[in-house]
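Raw contents of coords_25.cif, mmCIF, N, CA, C and O atoms:
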```cif
data_work
#
loop_
_atom_site.label_atom_id
_atom_site.label_comp_id
_atom_site.auth_asym_id
_atom_site.auth_seq_id
_atom_site.Cartn_x
_atom_site.Cartn_y
_atom_site.Cartn_z
N MET B 1242 0.82 -1.20 0.00
CA MET B 1242 0.00 0.00 0.00
C MET B 1242 0.87 1.27 0.00
O MET B 1242 0.49 2.26 -0.60
N ASN B 1243 2.03 1.21 0.68
CA ASN B 1243 2.90 2.38 0.70
C ASN B 1243 3.48 2.69 -0.68
O ASN B 1243 3.69 3.85 -1.01
N THR B 1244 3.74 1.64 -1.45
CA THR B 1244 4.26 1.89 -2.80
C THR B 1244 3.20 2.54 -3.68
O THR B 1244 3.52 3.39 -4.51
N ILE B 1245 1.95 2.16 -3.48
CA ILE B 1245 0.87 2.78 -4.24
C ILE B 1245 0.76 4.26 -3.87
O ILE B 1245 0.58 5.12 -4.74
N LYS B 1246 0.91 4.58 -2.58
CA LYS B 1246 0.87 5.97 -2.14
C LYS B 1246 2.00 6.78 -2.77
O LYS B 1246 1.81 7.92 -3.18
N LYS B 1247 3.18 6.19 -2.86
CA LYS B 1247 4.31 6.90 -3.45
C LYS B 1247 4.10 7.13 -4.94
O LYS B 1247 4.39 8.22 -5.45
N TYR B 1248 3.59 6.14 -5.63
CA TYR B 1248 3.31 6.32 -7.05
C TYR B 1248 2.22 7.36 -7.27
O TYR B 1248 2.30 8.17 -8.19
N LEU B 1249 1.21 7.34 -6.43
CA LEU B 1249 0.16 8.35 -6.56
C LEU B 1249 0.66 9.74 -6.20
O LEU B 1249 0.16 10.74 -6.73
N GLY B 1250 1.64 9.83 -5.31
CA GLY B 1250 2.26 11.12 -5.03
C GLY B 1250 2.91 11.70 -6.27
O GLY B 1250 2.80 12.90 -6.55
N ILE B 1251 3.58 10.86 -7.02
CA ILE B 1251 4.19 11.30 -8.28
C ILE B 1251 3.10 11.71 -9.27
O ILE B 1251 3.24 12.71 -9.99
N VAL B 1252 2.01 10.97 -9.29
CA VAL B 1252 0.90 11.29 -10.19
C VAL B 1252 0.31 12.65 -9.83
O VAL B 1252 0.01 13.47 -10.71
N TRP B 1253 0.12 12.94 -8.53
CA TRP B 1253 -0.46 14.23 -8.12
C TRP B 1253 0.45 15.39 -8.50
O TRP B 1253 -0.02 16.43 -8.94
N ILE B 1254 1.76 15.21 -8.32
CA ILE B 1254 2.69 16.28 -8.68
C ILE B 1254 2.70 16.48 -10.19
O ILE B 1254 2.71 17.62 -10.68
N ALA B 1255 2.67 15.40 -10.95
CA ALA B 1255 2.62 15.51 -12.40
C ALA B 1255 1.32 16.16 -12.85
O ALA B 1255 1.30 16.96 -13.80
N LEU B 1256 0.23 15.85 -12.16
CA LEU B 1256 -1.06 16.47 -12.48
C LEU B 1256 -1.02 17.98 -12.20
O LEU B 1256 -1.58 18.76 -12.96
N ALA B 1257 -0.35 18.38 -11.13
CA ALA B 1257 -0.22 19.81 -10.82
C ALA B 1257 0.54 20.52 -11.92
O ALA B 1257 0.16 21.62 -12.34
N ILE B 1258 1.61 19.91 -12.41
CA ILE B 1258 2.39 20.51 -13.49
C ILE B 1258 1.55 20.59 -14.77
O ILE B 1258 1.56 21.60 -15.48
N ALA B 1259 0.80 19.54 -15.06
CA ALA B 1259 -0.04 19.52 -16.26
C ALA B 1259 -1.15 20.58 -16.18
O ALA B 1259 -1.44 21.27 -17.17
N VAL B 1260 -1.76 20.71 -15.02
CA VAL B 1260 -2.82 21.71 -14.84
C VAL B 1260 -2.26 23.11 -15.05
O VAL B 1260 -2.86 23.95 -15.72
N ALA B 1261 -1.09 23.38 -14.48
CA ALA B 1261 -0.47 24.69 -14.65
C ALA B 1261 -0.16 24.96 -16.12
O ALA B 1261 -0.43 26.05 -16.64
N TYR B 1262 0.39 23.99 -16.80
CA TYR B 1262 0.76 24.15 -18.20
C TYR B 1262 -0.47 24.40 -19.08
O TYR B 1262 -0.48 25.34 -19.89
N TYR B 1263 -1.49 23.58 -18.92
CA TYR B 1263 -2.67 23.73 -19.76
C TYR B 1263 -3.48 24.97 -19.39
O TYR B 1263 -4.08 25.60 -20.27
N ALA B 1264 -3.51 25.34 -18.13
CA ALA B 1264 -4.24 26.55 -17.75
C ALA B 1264 -3.58 27.79 -18.33
O ALA B 1264 -4.26 28.70 -18.80
N ILE B 1265 -2.25 27.81 -18.31
CA ILE B 1265 -1.55 28.95 -18.90
C ILE B 1265 -1.77 28.96 -20.41
O ILE B 1265 -2.00 30.02 -21.00
N GLY B 1266 -1.75 27.80 -21.02
CA GLY B 1266 -1.97 27.72 -22.46
C GLY B 1266 -3.38 28.11 -22.88
O GLY B 1266 -3.59 28.83 -23.86
N ILE B 1267 -4.36 27.66 -22.13
CA ILE B 1267 -5.75 27.92 -22.49
C ILE B 1267 -6.20 29.32 -22.09
O ILE B 1267 -6.80 30.05 -22.87
N PHE B 1268 -5.91 29.70 -20.84
CA PHE B 1268 -6.40 30.98 -20.35
C PHE B 1268 -5.44 32.13 -20.61
O PHE B 1268 -5.77 33.28 -20.31
N GLY B 1269 -4.28 31.84 -21.17
CA GLY B 1269 -3.35 32.90 -21.50
C GLY B 1269 -3.89 33.83 -22.58
O GLY B 1269 -3.63 35.02 -22.57
N GLY B 1270 -4.67 33.28 -23.49
CA GLY B 1270 -5.28 34.09 -24.53
C GLY B 1270 -6.35 35.02 -24.01
O GLY B 1270 -6.65 36.04 -24.62
N ARG B 1271 -6.92 34.67 -22.88
CA ARG B 1271 -7.96 35.53 -22.30
C ARG B 1271 -7.38 36.86 -21.81
O ARG B 1271 -8.08 37.87 -21.82
N LEU B 1272 -6.14 36.84 -21.36
CA LEU B 1272 -5.54 38.07 -20.84
C LEU B 1272 -5.19 39.05 -21.95
O LEU B 1272 -5.10 40.25 -21.72
N THR B 1273 -5.00 38.54 -23.16
CA THR B 1273 -4.59 39.41 -24.26
C THR B 1273 -5.68 39.61 -25.31
O THR B 1273 -5.40 40.15 -26.37
N SER B 1274 -6.90 39.21 -25.01
CA SER B 1274 -7.97 39.31 -26.02
C SER B 1274 -8.46 40.74 -26.20
O SER B 1274 -9.04 41.06 -27.23
N GLY B 1275 -8.27 41.59 -25.20
CA GLY B 1275 -8.71 42.98 -25.32
C GLY B 1275 -10.10 43.24 -24.79
O GLY B 1275 -10.50 44.40 -24.63
N LYS B 1276 -10.86 42.21 -24.49
CA LYS B 1276 -12.20 42.38 -23.94
C LYS B 1276 -12.11 42.41 -22.42
O LYS B 1276 -11.36 41.67 -21.81
N GLN B 1277 -12.90 43.28 -21.80
CA GLN B 1277 -12.82 43.45 -20.36
C GLN B 1277 -13.31 42.20 -19.62
O GLN B 1277 -12.75 41.84 -18.59
N ASP B 1278 -14.33 41.54 -20.13
CA ASP B 1278 -14.83 40.33 -19.49
C ASP B 1278 -13.79 39.24 -19.47
O ASP B 1278 -13.62 38.54 -18.46
N ASP B 1279 -13.07 39.07 -20.57
CA ASP B 1279 -12.02 38.07 -20.62
C ASP B 1279 -10.86 38.42 -19.69
O ASP B 1279 -10.25 37.55 -19.09
N LEU B 1280 -10.55 39.70 -19.58
CA LEU B 1280 -9.46 40.12 -18.72
C LEU B 1280 -9.78 39.83 -17.25
O LEU B 1280 -8.93 39.31 -16.52
N VAL B 1281 -11.00 40.14 -16.82
CA VAL B 1281 -11.39 39.87 -15.43
C VAL B 1281 -11.38 38.37 -15.16
O VAL B 1281 -10.87 37.92 -14.13
N PHE B 1282 -11.92 37.59 -16.08
CA PHE B 1282 -11.93 36.14 -15.92
C PHE B 1282 -10.51 35.58 -15.87
O PHE B 1282 -10.20 34.73 -15.05
N GLY B 1283 -9.64 36.08 -16.74
CA GLY B 1283 -8.26 35.62 -16.76
C GLY B 1283 -7.51 35.96 -15.49
O GLY B 1283 -6.72 35.16 -14.97
N ILE B 1284 -7.73 37.14 -14.95
CA ILE B 1284 -7.07 37.54 -13.70
C ILE B 1284 -7.54 36.67 -12.56
O ILE B 1284 -6.73 36.24 -11.73
N ILE B 1285 -8.82 36.37 -12.49
CA ILE B 1285 -9.34 35.51 -11.43
C ILE B 1285 -8.74 34.12 -11.54
O ILE B 1285 -8.30 33.53 -10.54
N ILE B 1286 -8.67 33.57 -12.73
CA ILE B 1286 -8.09 32.24 -12.92
C ILE B 1286 -6.61 32.23 -12.56
O ILE B 1286 -6.14 31.37 -11.81
N PHE B 1287 -5.85 33.20 -13.08
CA PHE B 1287 -4.40 33.19 -12.92
C PHE B 1287 -3.95 33.50 -11.50
O PHE B 1287 -3.00 32.88 -11.00
N PHE B 1288 -4.57 34.45 -10.86
CA PHE B 1288 -4.05 34.92 -9.58
C PHE B 1288 -4.78 34.40 -8.36
O PHE B 1288 -4.30 34.56 -7.24
N ILE B 1289 -5.92 33.76 -8.55
CA ILE B 1289 -6.65 33.22 -7.40
C ILE B 1289 -6.78 31.71 -7.49
O ILE B 1289 -6.33 30.98 -6.61
N LEU B 1290 -7.39 31.20 -8.55
CA LEU B 1290 -7.69 29.77 -8.62
C LEU B 1290 -6.48 28.91 -8.97
O LEU B 1290 -6.26 27.87 -8.35
N LEU B 1291 -5.69 29.30 -9.95
CA LEU B 1291 -4.57 28.48 -10.39
C LEU B 1291 -3.53 28.25 -9.29
O LEU B 1291 -3.12 27.11 -9.09
N PRO B 1292 -3.13 29.27 -8.53
CA PRO B 1292 -2.18 28.99 -7.44
C PRO B 1292 -2.75 28.06 -6.37
O PRO B 1292 -2.03 27.21 -5.83
N MET B 1293 -4.04 28.20 -6.07
CA MET B 1293 -4.64 27.32 -5.06
C MET B 1293 -4.68 25.88 -5.54
O MET B 1293 -4.36 24.95 -4.78
N ILE B 1294 -5.03 25.66 -6.78
CA ILE B 1294 -5.14 24.30 -7.32
C ILE B 1294 -3.77 23.65 -7.42
O ILE B 1294 -3.57 22.51 -6.97
N VAL B 1295 -2.81 24.35 -7.99
CA VAL B 1295 -1.48 23.79 -8.18
C VAL B 1295 -0.79 23.55 -6.83
O VAL B 1295 -0.17 22.50 -6.63
N THR B 1296 -0.92 24.48 -5.91
CA THR B 1296 -0.31 24.31 -4.59
C THR B 1296 -0.94 23.14 -3.84
O THR B 1296 -0.23 22.34 -3.23
N GLY B 1297 -2.24 23.02 -3.90
CA GLY B 1297 -2.93 21.91 -3.23
C GLY B 1297 -2.51 20.56 -3.78
O GLY B 1297 -2.22 19.63 -3.02
N LEU B 1298 -2.47 20.43 -5.08
CA LEU B 1298 -2.06 19.16 -5.69
C LEU B 1298 -0.60 18.83 -5.38
O LEU B 1298 -0.25 17.68 -5.10
N THR B 1299 0.26 19.85 -5.40
CA THR B 1299 1.67 19.62 -5.13
C THR B 1299 1.90 19.21 -3.68
O THR B 1299 2.67 18.28 -3.41
N ILE B 1300 1.26 19.88 -2.75
CA ILE B 1300 1.42 19.53 -1.34
C ILE B 1300 0.87 18.13 -1.07
O ILE B 1300 1.49 17.34 -0.36
N PHE B 1301 -0.26 17.82 -1.65
CA PHE B 1301 -0.84 16.49 -1.48
C PHE B 1301 0.10 15.41 -2.01
O PHE B 1301 0.32 14.39 -1.37
N GLY B 1302 0.68 15.66 -3.18
CA GLY B 1302 1.64 14.71 -3.75
C GLY B 1302 2.90 14.60 -2.94
O GLY B 1302 3.45 13.51 -2.76
N TRP B 1303 3.40 15.72 -2.43
CA TRP B 1303 4.62 15.71 -1.61
C TRP B 1303 4.39 14.92 -0.32
O TRP B 1303 5.25 14.15 0.10
N TYR B 1304 3.26 15.12 0.30
CA TYR B 1304 2.96 14.37 1.53
C TYR B 1304 2.85 12.88 1.24
O TYR B 1304 3.26 12.06 2.06
N ALA B 1305 2.30 12.53 0.10
CA ALA B 1305 2.20 11.11 -0.26
C ALA B 1305 3.59 10.53 -0.51
O ALA B 1305 3.85 9.37 -0.15
N LEU B 1306 4.48 11.30 -1.10
CA LEU B 1306 5.83 10.82 -1.36
C LEU B 1306 6.66 10.66 -0.09
O LEU B 1306 7.49 9.75 0.01
N THR B 1307 6.47 11.55 0.86
CA THR B 1307 7.30 11.53 2.08
C THR B 1307 6.66 10.78 3.23
O THR B 1307 7.08 10.94 4.36
N ASP B 1308 5.66 9.99 2.97
CA ASP B 1308 4.99 9.14 3.97
C ASP B 1308 4.37 9.94 5.12
O ASP B 1308 4.38 9.50 6.27
N GLU B 1309 3.84 11.10 4.85
CA GLU B 1309 3.14 11.86 5.88
C GLU B 1309 1.80 11.21 6.24
O GLU B 1309 1.26 11.46 7.30
N TYR B 1310 1.29 10.38 5.35
CA TYR B 1310 0.01 9.72 5.60
C TYR B 1310 0.20 8.35 6.22
O TYR B 1310 -0.66 7.48 6.13
N GLU B 1311 1.34 8.14 6.84
CA GLU B 1311 1.62 6.87 7.51
C GLU B 1311 0.71 6.71 8.72
O GLU B 1311 0.41 7.66 9.41
N ASP B 1312 0.32 5.50 8.97
CA ASP B 1312 -0.59 5.23 10.12
C ASP B 1312 0.08 5.42 11.44
O ASP B 1312 1.09 5.15 11.83
#
```

The structure in this file should be written as structure tokens.
Amino acid sequence: MNTIKKYLGIVWIALAIAVAYYAIGIFGGRLTSGKQDDLVFGIIIFFILLPMIVTGLTIFGWYALTDEYED
């Protein structure tokens, strides 16, 4: 079971990197579209939601890798 936790820790960290990459790729165009609605939406995604999501996934993966969830 501990090996599964370690592998899933790597999966969570990889998922955090993938989410960051795709969010920047997809929502990056919203910041430069010139429309005010897109700009507000892009700022909310980039500066509020994206850091929370990536940090949460990374911390969860790190704890799984370092056996913080040990019984």

Name the residues that the PyMOL selection byres ((chain B and resi 1250-1264) around 8) pulls out of this structure, and write them as an NGL selection string. :B and (1243-1249 or 1265-1271 or 1283 or 1286-1287 or 1291 or 1294-1307)

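Between atom O of B:Met1242 and atom C of B:Glu1309 there is a distance of 11.3 Å.
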
Non-local contacts of B:Leu1272 (7 Å; only N, CA, C and O atoms; under 6 positions in same chain excluded) as an MDAnalysis selection string: chainID B and resid 1279:1280 1283:1284

Write stretch 1260-1271 of chain B as a PDB file, keeping the file's coordinate frame, completed to all heavy atoms.
```pdb
ATOM      1  N   VAL B1260      -1.760  20.710 -15.020  1.00  0.00           N
ATOM      2  CA  VAL B1260      -2.820  21.710 -14.840  1.00  0.00           C
ATOM      3  C   VAL B1260      -2.260  23.110 -15.050  1.00  0.00           C
ATOM      4  O   VAL B1260      -2.860  23.950 -15.720  1.00  0.00           O
ATOM      5  CB  VAL B1260      -3.478  21.571 -13.450  1.00  0.00           C
ATOM      6  CG1 VAL B1260      -4.296  22.801 -13.101  1.00  0.00           C
ATOM      7  CG2 VAL B1260      -4.343  20.338 -13.394  1.00  0.00           C
ATOM      8  N   ALA B1261      -1.090  23.380 -14.480  1.00  0.00           N
ATOM      9  CA  ALA B1261      -0.470  24.690 -14.650  1.00  0.00           C
ATOM     10  C   ALA B1261      -0.160  24.960 -16.120  1.00  0.00           C
ATOM     11  O   ALA B1261      -0.430  26.050 -16.640  1.00  0.00           O
ATOM     12  CB  ALA B1261       0.794  24.792 -13.804  1.00  0.00           C
ATOM     13  N   TYR B1262       0.390  23.990 -16.800  1.00  0.00           N
ATOM     14  CA  TYR B1262       0.760  24.150 -18.200  1.00  0.00           C
ATOM     15  C   TYR B1262      -0.470  24.400 -19.080  1.00  0.00           C
ATOM     16  O   TYR B1262      -0.480  25.340 -19.890  1.00  0.00           O
ATOM     17  CB  TYR B1262       1.511  22.912 -18.684  1.00  0.00           C
ATOM     18  CG  TYR B1262       1.861  22.942 -20.137  1.00  0.00           C
ATOM     19  CD1 TYR B1262       2.911  23.737 -20.591  1.00  0.00           C
ATOM     20  CD2 TYR B1262       1.147  22.195 -21.070  1.00  0.00           C
ATOM     21  CE1 TYR B1262       3.242  23.777 -21.933  1.00  0.00           C
ATOM     22  CE2 TYR B1262       1.475  22.234 -22.406  1.00  0.00           C
ATOM     23  CZ  TYR B1262       2.523  23.020 -22.836  1.00  0.00           C
ATOM     24  OH  TYR B1262       2.828  23.058 -24.164  1.00  0.00           O
ATOM     25  N   TYR B1263      -1.490  23.580 -18.920  1.00  0.00           N
ATOM     26  CA  TYR B1263      -2.670  23.730 -19.760  1.00  0.00           C
ATOM     27  C   TYR B1263      -3.480  24.970 -19.390  1.00  0.00           C
ATOM     28  O   TYR B1263      -4.080  25.600 -20.270  1.00  0.00           O
ATOM     29  CB  TYR B1263      -3.546  22.485 -19.690  1.00  0.00           C
ATOM     30  CG  TYR B1263      -2.970  21.345 -20.477  1.00  0.00           C
ATOM     31  CD1 TYR B1263      -2.591  20.171 -19.858  1.00  0.00           C
ATOM     32  CD2 TYR B1263      -2.773  21.442 -21.844  1.00  0.00           C
ATOM     33  CE1 TYR B1263      -2.041  19.126 -20.576  1.00  0.00           C
ATOM     34  CE2 TYR B1263      -2.229  20.415 -22.572  1.00  0.00           C
ATOM     35  CZ  TYR B1263      -1.869  19.249 -21.935  1.00  0.00           C
ATOM     36  OH  TYR B1263      -1.318  18.231 -22.655  1.00  0.00           O
ATOM     37  N   ALA B1264      -3.510  25.340 -18.130  1.00  0.00           N
ATOM     38  CA  ALA B1264      -4.240  26.550 -17.750  1.00  0.00           C
ATOM     39  C   ALA B1264      -3.580  27.790 -18.330  1.00  0.00           C
ATOM     40  O   ALA B1264      -4.260  28.700 -18.800  1.00  0.00           O
ATOM     41  CB  ALA B1264      -4.343  26.655 -16.237  1.00  0.00           C
ATOM     42  N   ILE B1265      -2.250  27.810 -18.310  1.00  0.00           N
ATOM     43  CA  ILE B1265      -1.550  28.950 -18.900  1.00  0.00           C
ATOM     44  C   ILE B1265      -1.770  28.960 -20.410  1.00  0.00           C
ATOM     45  O   ILE B1265      -2.000  30.020 -21.000  1.00  0.00           O
ATOM     46  CB  ILE B1265      -0.051  28.904 -18.542  1.00  0.00           C
ATOM     47  CG1 ILE B1265       0.121  29.213 -17.063  1.00  0.00           C
ATOM     48  CG2 ILE B1265       0.748  29.888 -19.389  1.00  0.00           C
ATOM     49  CD1 ILE B1265       1.508  28.972 -16.536  1.00  0.00           C
ATOM     50  N   GLY B1266      -1.750  27.800 -21.020  1.00  0.00           N
ATOM     51  CA  GLY B1266      -1.970  27.720 -22.460  1.00  0.00           C
ATOM     52  C   GLY B1266      -3.380  28.110 -22.880  1.00  0.00           C
ATOM     53  O   GLY B1266      -3.590  28.830 -23.860  1.00  0.00           O
ATOM     54  N   ILE B1267      -4.360  27.660 -22.130  1.00  0.00           N
ATOM     55  CA  ILE B1267      -5.750  27.920 -22.490  1.00  0.00           C
ATOM     56  C   ILE B1267      -6.200  29.320 -22.090  1.00  0.00           C
ATOM     57  O   ILE B1267      -6.800  30.050 -22.870  1.00  0.00           O
ATOM     58  CB  ILE B1267      -6.679  26.864 -21.848  1.00  0.00           C
ATOM     59  CG1 ILE B1267      -6.432  25.503 -22.488  1.00  0.00           C
ATOM     60  CG2 ILE B1267      -8.140  27.263 -21.990  1.00  0.00           C
ATOM     61  CD1 ILE B1267      -7.121  24.363 -21.777  1.00  0.00           C
ATOM     62  N   PHE B1268      -5.910  29.700 -20.840  1.00  0.00           N
ATOM     63  CA  PHE B1268      -6.400  30.980 -20.350  1.00  0.00           C
ATOM     64  C   PHE B1268      -5.440  32.130 -20.610  1.00  0.00           C
ATOM     65  O   PHE B1268      -5.770  33.280 -20.310  1.00  0.00           O
ATOM     66  CB  PHE B1268      -6.701  30.891 -18.853  1.00  0.00           C
ATOM     67  CG  PHE B1268      -7.808  29.936 -18.542  1.00  0.00           C
ATOM     68  CD1 PHE B1268      -7.567  28.788 -17.815  1.00  0.00           C
ATOM     69  CD2 PHE B1268      -9.088  30.171 -18.994  1.00  0.00           C
ATOM     70  CE1 PHE B1268      -8.583  27.900 -17.536  1.00  0.00           C
ATOM     71  CE2 PHE B1268     -10.108  29.289 -18.726  1.00  0.00           C
ATOM     72  CZ  PHE B1268      -9.858  28.149 -17.993  1.00  0.00           C
ATOM     73  N   GLY B1269      -4.280  31.840 -21.170  1.00  0.00           N
ATOM     74  CA  GLY B1269      -3.350  32.900 -21.500  1.00  0.00           C
ATOM     75  C   GLY B1269      -3.890  33.830 -22.580  1.00  0.00           C
ATOM     76  O   GLY B1269      -3.630  35.020 -22.570  1.00  0.00           O
ATOM     77  N   GLY B1270      -4.670  33.280 -23.490  1.00  0.00           N
ATOM     78  CA  GLY B1270      -5.280  34.090 -24.530  1.00  0.00           C
ATOM     79  C   GLY B1270      -6.350  35.020 -24.010  1.00  0.00           C
ATOM     80  O   GLY B1270      -6.650  36.040 -24.620  1.00  0.00           O
ATOM     81  N   ARG B1271      -6.920  34.670 -22.880  1.00  0.00           N
ATOM     82  CA  ARG B1271      -7.960  35.530 -22.300  1.00  0.00           C
ATOM     83  C   ARG B1271      -7.380  36.860 -21.810  1.00  0.00           C
ATOM     84  O   ARG B1271      -8.080  37.870 -21.820  1.00  0.00           O
ATOM     85  CB  ARG B1271      -8.635  34.832 -21.123  1.00  0.00           C
ATOM     86  CG  ARG B1271      -9.310  33.561 -21.487  1.00  0.00           C
ATOM     87  CD  ARG B1271     -10.764  33.731 -21.424  1.00  0.00           C
ATOM     88  NE  ARG B1271     -11.403  32.452 -21.723  1.00  0.00           N
ATOM     89  CZ  ARG B1271     -12.655  32.352 -21.983  1.00  0.00           C
ATOM     90  NH1 ARG B1271     -13.407  33.423 -21.951  1.00  0.00           N
ATOM     91  NH2 ARG B1271     -13.178  31.196 -22.274  1.00  0.00           N
TER      92      ARG B1271
END
```
